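Colleague: Structure file entry_21.cif (mmCIF, C-alpha atoms and all ligand atoms) is given on the next line.
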data_structure
#
loop_
_atom_site.group_PDB
_atom_site.id
_atom_site.type_symbol
_atom_site.label_atom_id
_atom_site.label_comp_id
_atom_site.auth_asym_id
_atom_site.auth_seq_id
_atom_site.Cartn_x
_atom_site.Cartn_y
_atom_site.Cartn_z
ATOM 1 C CA MET A 1 -13.608 -40.313 15.778
ATOM 2 C CA LEU A 2 -10.849 -37.927 14.794
ATOM 3 C CA ASP A 3 -7.498 -39.677 15.034
ATOM 4 C CA ARG A 4 -5.375 -38.094 17.772
ATOM 5 C CA THR A 5 -2.413 -38.065 15.360
ATOM 6 C CA ALA A 6 -4.305 -35.805 12.921
ATOM 7 C CA GLY A 7 -2.293 -32.807 14.080
ATOM 8 C CA THR A 8 1.100 -34.366 13.502
ATOM 9 C CA LEU A 9 3.447 -33.705 10.588
ATOM 10 C CA GLU A 10 5.543 -36.791 11.360
ATOM 11 C CA GLY A 11 7.239 -38.072 8.211
ATOM 12 C CA LYS A 12 6.338 -34.962 6.195
ATOM 13 C CA THR A 13 8.602 -32.442 4.510
ATOM 14 C CA ALA A 14 7.881 -28.722 4.404
ATOM 15 C CA VAL A 15 9.458 -25.676 2.797
ATOM 16 C CA VAL A 16 8.967 -22.306 4.466
ATOM 17 C CA THR A 17 10.032 -19.260 2.470
ATOM 18 C CA GLY A 18 11.362 -16.488 4.667
ATOM 19 C CA GLY A 19 11.693 -19.180 7.332
ATOM 20 C CA GLY A 20 14.530 -17.402 9.119
ATOM 21 C CA GLY A 21 12.578 -14.529 10.631
ATOM 22 C CA GLY A 22 9.235 -13.436 12.053
ATOM 23 C CA ILE A 23 6.177 -15.458 11.088
ATOM 24 C CA GLY A 24 8.155 -17.800 8.802
ATOM 25 C CA ARG A 25 10.530 -18.712 11.626
ATOM 26 C CA GLY A 26 7.580 -19.416 13.918
ATOM 27 C CA ILE A 27 6.039 -21.709 11.307
ATOM 28 C CA ALA A 28 9.348 -23.493 10.618
ATOM 29 C CA LEU A 29 9.908 -24.193 14.335
ATOM 30 C CA ALA A 30 6.332 -25.374 14.870
ATOM 31 C CA PHE A 31 6.367 -27.673 11.842
ATOM 32 C CA ALA A 32 9.653 -29.196 13.002
ATOM 33 C CA SER A 33 8.449 -29.682 16.566
ATOM 34 C CA HIS A 34 5.426 -31.518 15.155
ATOM 35 C CA GLY A 35 7.605 -33.928 13.216
ATOM 36 C CA ALA A 36 8.258 -32.366 9.805
ATOM 37 C CA SER A 37 11.625 -32.104 8.103
ATOM 38 C CA VAL A 38 11.843 -28.393 7.307
ATOM 39 C CA VAL A 39 13.626 -26.505 4.554
ATOM 40 C CA VAL A 40 14.334 -22.992 5.805
ATOM 41 C CA ALA A 41 14.340 -21.065 2.506
ATOM 42 C CA GLU A 42 15.697 -17.698 3.494
ATOM 43 C CA ARG A 43 17.506 -14.755 1.911
ATOM 44 C CA ASP A 44 19.545 -13.977 5.030
ATOM 45 C CA ALA A 45 22.189 -16.683 5.593
ATOM 46 C CA ASP A 46 22.568 -16.031 9.339
ATOM 47 C CA ARG A 47 18.811 -16.250 9.902
ATOM 48 C CA ALA A 48 18.557 -19.440 7.849
ATOM 49 C CA ALA A 49 21.344 -21.036 9.881
ATOM 50 C CA GLU A 50 19.887 -19.831 13.206
ATOM 51 C CA THR A 51 16.431 -21.287 12.574
ATOM 52 C CA ALA A 52 17.832 -24.560 11.248
ATOM 53 C CA GLY A 53 20.208 -24.704 14.230
ATOM 54 C CA VAL A 54 17.343 -24.318 16.736
ATOM 55 C CA ILE A 55 15.400 -27.079 14.973
ATOM 56 C CA GLU A 56 18.358 -29.445 15.035
ATOM 57 C CA LYS A 57 19.210 -28.597 18.640
ATOM 58 C CA ASN A 58 15.669 -29.651 19.539
ATOM 59 C CA GLY A 59 16.121 -32.986 17.759
ATOM 60 C CA GLY A 60 14.425 -32.056 14.469
ATOM 61 C CA ARG A 61 15.584 -32.169 10.855
ATOM 62 C CA ALA A 62 16.253 -28.955 8.932
ATOM 63 C CA LEU A 63 17.944 -27.824 5.759
ATOM 64 C CA PRO A 64 18.900 -24.151 5.566
ATOM 65 C CA VAL A 65 18.912 -22.894 1.979
ATOM 66 C CA VAL A 66 19.978 -19.344 1.198
ATOM 67 C CA VAL A 67 17.642 -18.147 -1.535
ATOM 68 C CA ASP A 68 16.035 -14.961 -2.756
ATOM 69 C CA VAL A 69 12.608 -16.090 -3.908
ATOM 70 C CA GLN A 70 12.552 -13.144 -6.319
ATOM 71 C CA ASP A 71 15.248 -14.892 -8.359
ATOM 72 C CA ARG A 72 13.947 -17.667 -10.648
ATOM 73 C CA ASP A 73 17.312 -19.489 -10.919
ATOM 74 C CA ALA A 74 17.737 -19.409 -7.152
ATOM 75 C CA VAL A 75 14.259 -20.920 -6.696
ATOM 76 C CA GLU A 76 15.185 -23.713 -9.116
ATOM 77 C CA ARG A 77 18.293 -24.380 -7.012
ATOM 78 C CA LEU A 78 16.081 -24.403 -3.908
ATOM 79 C CA VAL A 79 13.880 -27.099 -5.441
ATOM 80 C CA SER A 80 16.929 -29.207 -6.393
ATOM 81 C CA ALA A 81 18.485 -28.851 -2.948
ATOM 82 C CA THR A 82 15.169 -29.784 -1.313
ATOM 83 C CA HIS A 83 14.584 -32.819 -3.526
ATOM 84 C CA ASP A 84 18.188 -33.987 -3.084
ATOM 85 C CA GLU A 85 17.884 -33.853 0.703
ATOM 86 C CA PHE A 86 14.280 -34.815 1.408
ATOM 87 C CA GLY A 87 12.517 -35.628 -1.900
ATOM 88 C CA PRO A 88 9.271 -33.927 -3.048
ATOM 89 C CA VAL A 89 7.605 -31.811 -0.390
ATOM 90 C CA ASP A 90 4.306 -32.305 1.410
ATOM 91 C CA SER A 91 3.864 -28.649 2.340
ATOM 92 C CA LEU A 92 4.932 -25.398 0.779
ATOM 93 C CA VAL A 93 4.503 -22.240 2.844
ATOM 94 C CA ASN A 94 4.794 -19.099 0.716
ATOM 95 C CA ASN A 95 5.486 -16.703 3.553
ATOM 96 C CA VAL A 96 7.711 -13.967 2.086
ATOM 97 C CA GLY A 97 6.015 -10.579 1.753
ATOM 98 C CA ASP A 98 6.784 -6.964 2.577
ATOM 99 C CA TYR A 99 5.224 -3.519 2.212
ATOM 100 C CA LEU A 100 8.780 -2.251 1.607
ATOM 101 C CA ARG A 101 8.024 0.840 3.695
ATOM 102 C CA ILE A 102 6.221 2.230 0.643
ATOM 103 C CA SER A 103 3.437 4.219 2.250
ATOM 104 C CA LYS A 104 2.262 7.136 0.141
ATOM 105 C CA PRO A 105 -0.800 8.340 -1.759
ATOM 106 C CA PHE A 106 -1.355 6.084 -4.774
ATOM 107 C CA VAL A 107 -1.202 9.096 -7.088
ATOM 108 C CA GLU A 108 2.456 9.591 -6.102
ATOM 109 C CA SER A 109 3.479 5.928 -6.475
ATOM 110 C CA THR A 110 5.763 4.879 -9.310
ATOM 111 C CA GLU A 111 5.736 1.913 -11.672
ATOM 112 C CA ASP A 112 9.069 0.821 -10.204
ATOM 113 C CA GLU A 113 7.423 0.661 -6.783
ATOM 114 C CA TRP A 114 4.484 -1.348 -8.217
ATOM 115 C CA GLU A 115 6.994 -3.756 -9.744
ATOM 116 C CA ALA A 116 8.909 -4.128 -6.466
ATOM 117 C CA LEU A 117 5.700 -4.733 -4.499
ATOM 118 C CA TYR A 118 4.560 -7.285 -7.088
ATOM 119 C CA ASP A 119 7.889 -9.145 -6.881
ATOM 120 C CA ILE A 120 8.028 -9.388 -3.102
ATOM 121 C CA ASN A 121 4.326 -9.983 -2.435
ATOM 122 C CA PHE A 122 2.906 -12.055 -5.272
ATOM 123 C CA ARG A 123 5.146 -13.090 -8.169
ATOM 124 C CA HIS A 124 7.243 -15.421 -5.974
ATOM 125 C CA VAL A 125 4.077 -17.068 -4.658
ATOM 126 C CA MET A 126 3.291 -18.212 -8.202
ATOM 127 C CA ARG A 127 6.948 -18.963 -8.950
ATOM 128 C CA CYS A 128 7.606 -21.127 -5.872
ATOM 129 C CA THR A 129 4.259 -22.879 -6.256
ATOM 130 C CA GLN A 130 4.944 -23.709 -9.896
ATOM 131 C CA ALA A 131 8.478 -24.832 -9.050
ATOM 132 C CA PHE A 132 7.435 -27.275 -6.274
ATOM 133 C CA LEU A 133 4.173 -28.503 -7.818
ATOM 134 C CA PRO A 134 5.587 -31.016 -10.322
ATOM 135 C CA GLY A 135 7.242 -32.903 -7.447
ATOM 136 C CA MET A 136 4.052 -32.828 -5.375
ATOM 137 C CA LEU A 137 1.930 -33.956 -8.318
ATOM 138 C CA GLY A 138 4.469 -36.569 -9.374
ATOM 139 C CA ARG A 139 4.332 -38.581 -6.170
ATOM 140 C CA GLY A 140 0.492 -38.550 -6.204
ATOM 141 C CA ASN A 141 0.158 -38.255 -2.446
ATOM 142 C CA GLY A 142 -1.591 -34.899 -2.077
ATOM 143 C CA GLY A 143 -0.043 -32.076 -0.089
ATOM 144 C CA THR A 144 -0.706 -28.580 1.165
ATOM 145 C CA ILE A 145 0.161 -25.097 -0.035
ATOM 146 C CA ILE A 146 -0.201 -22.260 2.454
ATOM 147 C CA ASN A 147 0.066 -18.665 1.312
ATOM 148 C CA ILE A 148 0.587 -15.855 3.799
ATOM 149 C CA SER A 149 -1.218 -12.672 2.765
ATOM 150 C CA THR A 150 -2.460 -9.964 5.123
ATOM 151 C CA ILE A 151 -5.657 -8.759 6.699
ATOM 152 C CA GLU A 152 -5.218 -5.832 4.324
ATOM 153 C CA ALA A 153 -6.264 -8.147 1.500
ATOM 154 C CA PHE A 154 -9.706 -7.963 3.116
ATOM 155 C CA ARG A 155 -9.825 -4.441 4.487
ATOM 156 C CA GLY A 156 -8.540 -1.248 2.940
ATOM 157 C CA ILE A 157 -5.223 0.277 3.979
ATOM 158 C CA PRO A 158 -4.651 3.927 3.141
ATOM 159 C CA ASN A 159 -1.433 4.767 1.281
ATOM 160 C CA CYS A 160 -0.690 1.095 0.579
ATOM 161 C CA ALA A 161 -3.166 0.392 -2.238
ATOM 162 C CA VAL A 162 -0.632 -1.508 -4.347
ATOM 163 C CA TYR A 163 0.566 -3.704 -1.442
ATOM 164 C CA SER A 164 -3.069 -4.447 -0.667
ATOM 165 C CA ALA A 165 -3.853 -5.247 -4.313
ATOM 166 C CA PHE A 166 -1.096 -7.846 -4.662
ATOM 167 C CA ASN A 167 -2.126 -9.466 -1.377
ATOM 168 C CA SER A 168 -5.718 -9.588 -2.626
ATOM 169 C CA ALA A 169 -4.292 -11.389 -5.643
ATOM 170 C CA ILE A 170 -3.078 -14.101 -3.254
ATOM 171 C CA THR A 171 -6.689 -14.605 -2.163
ATOM 172 C CA GLY A 172 -7.859 -15.148 -5.736
ATOM 173 C CA PHE A 173 -4.888 -17.343 -6.614
ATOM 174 C CA THR A 174 -5.483 -19.454 -3.508
ATOM 175 C CA LYS A 175 -9.153 -20.034 -4.343
ATOM 176 C CA SER A 176 -8.687 -20.874 -8.000
ATOM 177 C CA LEU A 177 -5.646 -23.091 -7.499
ATOM 178 C CA ALA A 178 -7.495 -24.956 -4.743
ATOM 179 C CA ILE A 179 -10.199 -25.903 -7.219
ATOM 180 C CA GLU A 180 -7.664 -26.978 -9.831
ATOM 181 C CA LEU A 181 -5.630 -29.095 -7.384
ATOM 182 C CA GLY A 182 -8.529 -30.477 -5.338
ATOM 183 C CA PRO A 183 -8.790 -33.654 -7.434
ATOM 184 C CA GLU A 184 -5.057 -34.227 -6.814
ATOM 185 C CA GLY A 185 -5.601 -34.037 -3.053
ATOM 186 C CA ILE A 186 -3.473 -30.906 -2.817
ATOM 187 C CA ARG A 187 -5.124 -28.352 -0.552
ATOM 188 C CA VAL A 188 -4.410 -24.651 -1.007
ATOM 189 C CA ASN A 189 -5.230 -22.133 1.713
ATOM 190 C CA ALA A 190 -4.084 -18.766 2.985
ATOM 191 C CA ILE A 191 -3.519 -17.009 6.292
ATOM 192 C CA ALA A 192 -4.192 -13.278 6.546
ATOM 193 C CA PRO A 193 -2.512 -11.821 9.639
ATOM 194 C CA GLU A 194 -3.268 -8.552 11.388
ATOM 195 C CA THR A 195 -0.364 -6.754 13.115
ATOM 196 C CA THR A 196 2.072 -9.374 14.381
ATOM 197 C CA GLU A 197 5.313 -8.654 16.256
ATOM 198 C CA THR A 198 8.138 -9.630 13.864
ATOM 199 C CA LEU A 199 11.344 -8.230 12.394
ATOM 200 C CA GLN A 200 9.332 -6.165 9.927
ATOM 201 C CA VAL A 201 6.484 -5.027 12.169
ATOM 202 C CA GLN A 202 7.361 -3.950 15.711
ATOM 203 C CA PRO A 203 4.450 -2.442 17.613
ATOM 204 C CA SER A 204 6.347 -2.999 20.858
ATOM 205 C CA ARG A 205 8.853 -0.373 19.669
ATOM 206 C CA TRP A 206 6.507 1.809 17.640
ATOM 207 C CA ILE A 207 3.862 2.400 20.288
ATOM 208 C CA PRO A 208 5.029 4.748 23.039
ATOM 209 C CA ASP A 209 5.077 3.210 26.508
ATOM 210 C CA ALA A 210 2.578 5.812 27.690
ATOM 211 C CA LEU A 211 -0.032 4.443 25.259
ATOM 212 C CA LYS A 212 0.592 0.735 25.678
ATOM 213 C CA ASP A 213 -2.220 0.419 28.222
ATOM 214 C CA ARG A 214 -4.636 1.163 25.353
ATOM 215 C CA ILE A 215 -3.647 -1.942 23.338
ATOM 216 C CA PRO A 216 -6.245 -4.208 25.022
ATOM 217 C CA PHE A 217 -8.988 -1.937 23.645
ATOM 218 C CA TRP A 218 -7.994 -1.908 19.975
ATOM 219 C CA THR A 219 -9.075 -5.400 18.959
ATOM 220 C CA PRO A 220 -11.566 -7.820 20.498
ATOM 221 C CA LEU A 221 -8.843 -10.201 21.715
ATOM 222 C CA GLY A 222 -6.915 -7.248 23.060
ATOM 223 C CA ARG A 223 -3.363 -7.841 21.842
ATOM 224 C CA PHE A 224 -1.162 -7.998 18.762
ATOM 225 C CA GLY A 225 -0.285 -11.303 17.113
ATOM 226 C CA THR A 226 2.804 -13.420 17.632
ATOM 227 C CA PRO A 227 4.622 -15.728 15.202
ATOM 228 C CA ASP A 228 3.256 -18.628 17.278
ATOM 229 C CA ASP A 229 -0.307 -17.511 16.493
ATOM 230 C CA ALA A 230 0.508 -17.809 12.788
ATOM 231 C CA ALA A 231 2.296 -21.100 13.381
ATOM 232 C CA GLY A 232 -0.833 -22.574 14.962
ATOM 233 C CA CYS A 233 -2.923 -21.690 11.906
ATOM 234 C CA ALA A 234 -0.267 -23.026 9.530
ATOM 235 C CA LEU A 235 -0.008 -26.271 11.495
ATOM 236 C CA PHE A 236 -3.774 -26.692 11.233
ATOM 237 C CA LEU A 237 -3.687 -26.064 7.466
ATOM 238 C CA ALA A 238 -0.695 -28.361 6.865
ATOM 239 C CA SER A 239 -2.013 -31.263 8.923
ATOM 240 C CA ASP A 240 -4.932 -33.637 8.580
ATOM 241 C CA LEU A 241 -6.835 -31.521 11.101
ATOM 242 C CA SER A 242 -7.890 -29.474 8.066
ATOM 243 C CA ALA A 243 -8.358 -32.453 5.732
ATOM 244 C CA TRP A 244 -11.592 -31.006 4.281
ATOM 245 C CA VAL A 245 -10.466 -27.358 4.121
ATOM 246 C CA THR A 246 -9.288 -25.848 0.870
ATOM 247 C CA GLY A 247 -9.563 -22.585 -1.053
ATOM 248 C CA THR A 248 -10.079 -20.448 2.013
ATOM 249 C CA THR A 249 -8.282 -17.900 4.162
ATOM 250 C CA ILE A 250 -7.938 -17.831 7.932
ATOM 251 C CA HIS A 251 -8.263 -14.275 9.217
ATOM 252 C CA LEU A 252 -5.573 -14.317 11.894
ATOM 253 C CA ASP A 253 -6.524 -11.025 13.441
ATOM 254 C CA GLY A 254 -7.749 -11.217 17.025
ATOM 255 C CA GLY A 255 -11.207 -10.340 15.749
ATOM 256 C CA ALA A 256 -10.167 -7.044 14.123
ATOM 257 C CA LEU A 257 -11.944 -7.725 10.820
ATOM 258 C CA ALA A 258 -15.129 -8.783 12.577
ATOM 259 C CA ALA A 259 -14.994 -5.648 14.717
ATOM 260 C CA GLY A 260 -14.754 -3.603 11.520
ATOM 261 C CA GLY A 261 -14.075 -0.281 13.203
ATOM 262 C CA PHE A 262 -15.651 -0.957 16.596
ATOM 263 C CA TYR A 263 -13.373 -0.401 19.575
ATOM 264 C CA ARG A 264 -13.759 -0.950 23.266
ATOM 265 C CA ALA A 265 -13.627 2.165 25.401
ATOM 266 C CA PRO A 266 -11.748 2.141 28.722
ATOM 267 C CA ASP A 267 -15.083 1.852 30.561
ATOM 268 C CA GLY A 268 -15.775 -1.408 28.687
ATOM 269 C CA SER A 269 -18.420 0.000 26.321
ATOM 270 C CA TRP A 270 -18.079 -0.316 22.551
ATOM 271 C CA THR A 271 -17.880 2.565 20.088
ATOM 272 C CA ASN A 272 -17.281 3.081 16.392
ATOM 273 C CA LEU A 273 -16.311 6.673 17.155
ATOM 274 C CA PRO A 274 -12.694 6.317 18.321
ATOM 275 C CA VAL A 275 -12.675 9.808 19.867
ATOM 276 C CA VAL A 276 -15.545 8.863 22.178
ATOM 277 C CA THR A 277 -14.084 7.188 25.232
ATOM 278 C CA GLY A 278 -17.218 5.993 26.929
ATOM 279 C CA GLY A 279 -20.943 6.279 27.339
ATOM 280 C CA GLY A 280 -21.762 3.833 24.563
ATOM 281 C CA VAL A 281 -22.092 6.445 21.818
ATOM 282 C CA GLY A 282 -21.946 4.770 18.420
ATOM 283 C CA GLY A 283 -23.491 1.592 19.720
ATOM 284 C CA THR A 284 -22.799 -0.478 22.756
HETATM 285 N N1 LIG B 301 4.058 -8.958 10.753
HETATM 286 C C1 LIG B 301 2.862 -8.495 10.435
HETATM 287 O O1 LIG B 301 2.242 -7.681 11.158
HETATM 288 C C2 LIG B 301 2.205 -8.955 9.173
HETATM 289 C C3 LIG B 301 0.897 -8.509 8.935
HETATM 290 C C4 LIG B 301 0.273 -8.927 7.773
HETATM 291 C C5 LIG B 301 0.915 -9.767 6.889
HETATM 292 N N2 LIG B 301 2.188 -10.179 7.147
HETATM 293 C C6 LIG B 301 2.825 -11.057 6.176
HETATM 294 O O2 LIG B 301 3.437 -12.140 6.833
HETATM 295 C C7 LIG B 301 4.580 -12.563 6.088
HETATM 296 C C8 LIG B 301 5.785 -12.595 7.007
HETATM 297 O O3 LIG B 301 5.957 -11.294 7.531
HETATM 298 P P1 LIG B 301 6.909 -11.002 8.769
HETATM 299 O O4 LIG B 301 6.377 -9.803 9.428
HETATM 300 O O5 LIG B 301 7.147 -12.232 9.538
HETATM 301 O O6 LIG B 301 8.251 -10.600 7.984
HETATM 302 P P2 LIG B 301 9.735 -10.409 8.533
HETATM 303 O O7 LIG B 301 10.306 -9.305 7.726
HETATM 304 O O8 LIG B 301 9.737 -10.274 10.011
HETATM 305 O O9 LIG B 301 10.436 -11.780 8.154
HETATM 306 C C9 LIG B 301 10.545 -12.130 6.805
HETATM 307 C C10 LIG B 301 11.684 -13.100 6.609
HETATM 308 O O10 LIG B 301 11.739 -13.374 5.208
HETATM 309 C C11 LIG B 301 13.066 -13.158 4.731
HETATM 310 N N3 LIG B 301 12.971 -12.695 3.333
HETATM 311 C C12 LIG B 301 12.602 -11.458 2.935
HETATM 312 N N4 LIG B 301 12.632 -11.369 1.598
HETATM 313 C C13 LIG B 301 13.013 -12.584 1.137
HETATM 314 C C14 LIG B 301 13.239 -13.118 -0.144
HETATM 315 N N5 LIG B 301 13.070 -12.344 -1.225
HETATM 316 N N6 LIG B 301 13.604 -14.404 -0.258
HETATM 317 C C15 LIG B 301 13.783 -15.188 0.843
HETATM 318 N N7 LIG B 301 13.613 -14.717 2.094
HETATM 319 C C16 LIG B 301 13.231 -13.442 2.247
HETATM 320 C C17 LIG B 301 13.654 -12.136 5.652
HETATM 321 O O11 LIG B 301 15.071 -12.202 5.657
HETATM 322 C C18 LIG B 301 13.026 -12.516 6.995
HETATM 323 O O12 LIG B 301 13.791 -13.481 7.678
HETATM 324 C C19 LIG B 301 4.716 -11.572 4.928
HETATM 325 O O13 LIG B 301 4.103 -12.102 3.795
HETATM 326 C C20 LIG B 301 3.945 -10.362 5.419
HETATM 327 O O14 LIG B 301 3.443 -9.566 4.371
HETATM 328 C C21 LIG B 301 2.850 -9.781 8.269
#
Any chance you could give the structure as structure tokens?
Modeller:
Amino acid sequence: MLDRTAGTLEGKTAVVTGGGGGIGRGIALAFASHGASVVVAERDADRAAETAGVIEKNGGRALPVVVDVQDRDAVERLVSATHDEFGPVDSLVNNVGDYLRISKPFVESTEDEWEALYDINFRHVMRCTQAFLPGMLGRGNGGTIINISTIEAFRGIPNCAVYSAFNSAITGFTKSLAIELGPEGIRVNAIAPETTETLQVQPSRWIPDALKDRIPFWTPLGRFGTPDDAAGCALFLASDLSAWVTGTTIHLDGGALAAGGFYRAPDGSWTNLPVVTGGGVGGT
């Protein structure tokens, strides 16, 4: 029978990059409330302190570390600070990522933009993983690595081909590294969110009030994601609940990928012709 403590992170240590805002903050708070000591590895000092403060106020253990994961030296300092405070980590969550508001036809994109998108979406995933791995391997006690990509690693996104490409790279990296580290008991998985209300993505502000009543019809589960939705998936992947899960991605998307272009019309029928608002045209 599954042990009822399988979902706990009691006695574990986790690092969450970008842990001061949005999805990363949600994961940091959830990990702490389930028993982990959490390193909030965050570029913004105020956000790092705020998240760590909430954790400590709730009786948890947290270490805020101000770090830009795009800076190799800073990541090395992050590893030292983490090891000094808590020792080698059990879980690394590579959460930082951003489309940098670069949305334009690929033909107009520049190599500088490709470089920036690479740095913020994929290079640091390899860098932080390589920086924390020796400690994880050294103690010989397994561990988990969780990479946050995007649903757009699995579905196309117009005008963001480069962002999508580097997030697809996370999928490949996750699979291959999982194979390599399986014999060490280190599990590597990813989470691919659809639109989630955060600092970076704010559908509550972007969608006019007059259209908000349409939100329930856009995805099967009828709402956008929250940082807590991502935290639940991360908790599953970091804990023994997922002891036999590695090399895969959770599509955290309210069913959007499965729907693949099918929408519910206000009369409850389904259509793959978004302009058709009823009558079942396009398949009900
Ligand atoms: N929110 C969404 O709808 C959505 C959808 C798909 C994928 N994602 C992915 O989820 C992850 C988190 O996104 P979010 O929306 O929560 O972001 P966010 O912008 O709301 O929060 C990111 C946090 O990371 C910090 N940060 C940014 N760059 C950093 C750096 N170089 N070093 C250290 N910290 C840094 C920021 O200060 C901020 O606190 C990203 O990888 C993003 O691509 C988000």
Colleague: Determine the residue set returned by the PyMOL selection byres (((chain A and resi 115-122) around 8) and not hetatm) for the present structure, and present it as a list in words.
Modeller: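 The output of the PyMOL selection byres (((chain A and resi 115-122) around 8) and not hetatm) on this file is Gln70, Val96, Gly97, Asp98, Tyr99, Leu100, Glu111, Asp112, Glu113, Trp114, Arg123, His124, Val125, Met126, Val162, Tyr163, Phe166, Asn167, Ala169 and Ile170 of chain A.
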Colleague: For ligand LIG 301 (chain B), return the neighbouring residues as a ChimeraX atom specification (distance at most 7 Å; all atoms listed in the file).
Modeller: /A:17-24,41-44,47,67-70,95-99,120-121,148-151,192-201
Colleague: Suppose you want the space between CA of Leu78 (chain A) and CA of Gly172 (chain A); what is it in Å?
Modeller: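 Separation of CA of Leu78 (chain A) and CA of Gly172 (chain A): 25.7 Å.
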Colleague: Mind working out the centre and edge lengths of an axis-aligned box for region 2-21 of chain A, all listed atoms inside, 4 Å added to each side, rounded to one decimal in Å and written as AutoDock Vina command-line options?
Modeller:
--center_x 1.8 --center_y -27.1 --center_z 10.1 --size_x 33.4 --size_y 33.1 --size_z 23.3
Colleague: Calculate how many Å separate CA of Thr13 (chain A) from CA of Thr144 (chain A), rounding to one decimal.
Modeller: 10.6 Å
Colleague: Identify, on the basis of all atoms listed in the file, every residue whose closest approach to Ser176 (chain A) does not exceed 12 Å; exclude the query and any residue fewer than 5 positions from it along the same chain; express the result as a ChimeraX atom specification.
Modeller: /A:169-171,181-182,187-189,246-248
Colleague: The PyMOL selection byres (((chain A and resi 185) around 12) and not hetatm) - which residues does that actually catch in the file I just gave you? List them as a list in words.
Modeller: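 For this structure, the PyMOL selection byres (((chain A and resi 185) around 12) and not hetatm) captures Asp90, Met136, Leu137, Arg139, Gly140, Asn141, Gly142, Gly143, Thr144, Ile145, Leu177, Ala178, Ile179, Glu180, Leu181, Gly182, Pro183, Glu184, Ile186, Arg187, Val188, Asp240, Ala243, Trp244, Val245 and Thr246 of chain A.
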Colleague: Given all atoms listed in the file, how would the per-residue table for region 149-267 of chain A near region 31-34 of chain A read, listing every residue at most 10 Å away with its closest atom pair and distance in Å to one decimal, sorted by chain and number, as JSON lines?
Modeller:
{"residue": "A:Ala231", "atom": "CA", "partner": "A:Phe31", "partner_atom": "CA", "distance": 7.9}
{"residue": "A:Gly232", "atom": "CA", "partner": "A:Phe31", "partner_atom": "CA", "distance": 9.4}
{"residue": "A:Ala234", "atom": "CA", "partner": "A:Phe31", "partner_atom": "CA", "distance": 8.4}
{"residue": "A:Leu235", "atom": "CA", "partner": "A:Phe31", "partner_atom": "CA", "distance": 6.5}
{"residue": "A:Ala238", "atom": "CA", "partner": "A:Phe31", "partner_atom": "CA", "distance": 8.7}
{"residue": "A:Ser239", "atom": "CA", "partner": "A:Phe31", "partner_atom": "CA", "distance": 9.6}
Colleague: To one decimal place in Å, what is the distance between CA of Ala265 (chain A) and CA of Asp229 (chain A)?
Modeller: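 Value for the CA of Ala265 (chain A)-CA of Asp229 (chain A) distance: 25.4 Å.
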Colleague: Which polymer residues, protein or nucleic acid, are no farther than 8 Å from (18.1, -31.9, 2.6), counting only C-alpha atoms, as a ChimeraX atom specification?
Modeller: /A:39,62-63,81-86
Colleague: Write out as a PyMOL selection string each polymer residue whose atoms come within 10 Å of Ala258 (chain A), counting all atoms listed in the file; drop sequence neighbours fewer than 5 positions from it.
Modeller: chain A and resi 219-220+251+253
Colleague: Pick the closest to Ile27 (chain A) from A:Pro64, A:Pro88, A:Pro227, A:Gly156: which is it, counting all atoms listed in the file?
Modeller: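 With all atoms listed in the file as the atom set, the closest residue is A:Pro227.
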Colleague: So which one's closest to Gly35 (chain A), A:Glu10, A:Glu56, A:Glu76, A:Glu50? Using all atoms listed in the file, please.
Modeller: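 The closest residue to Gly35 (chain A) is A:Glu10.
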Colleague: Pick the closest to Thr226 (chain A) from A:Arg77, A:Lys175, A:Arg25, A:Arg61: which is it, counting all atoms listed in the file?
Modeller: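 Among A:Arg77, A:Lys175, A:Arg25, A:Arg61, it is A:Arg25 that comes nearest to Thr226 (chain A).
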Colleague: Measuring atom to atom with all atoms listed in the file, identify which of A:Val93, A:Val16, A:Leu133, A:Ala36 is nearest to Val66 (chain A).
Modeller: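 Counting all atoms listed in the file, the residue closest to Val66 (chain A) is A:Val16.
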Colleague: Ranking A:Ile157, A:Ala14, A:Met1, A:Ala49 by minimum distance to Ala28 (chain A) and counting all atoms listed in the file, which one comes first?
Modeller: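 Answer, going by the shortest atom-to-atom distance: A:Ala14.
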Colleague: Using only C-alpha atoms, can you tell me which of A:Val79, A:Ala52, A:Leu9, A:Leu273 comes closest to Gly26 (chain A)?
Modeller: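 Smallest separation from Gly26 (chain A) among the options: A:Ala52.
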Colleague: Which residues match the PyMOL selection byres (((chain A and resi 106) around 8) and not hetatm) in the file above, as a ChimeraX atom specification?
Modeller: /A:104-105,107-109,159-162
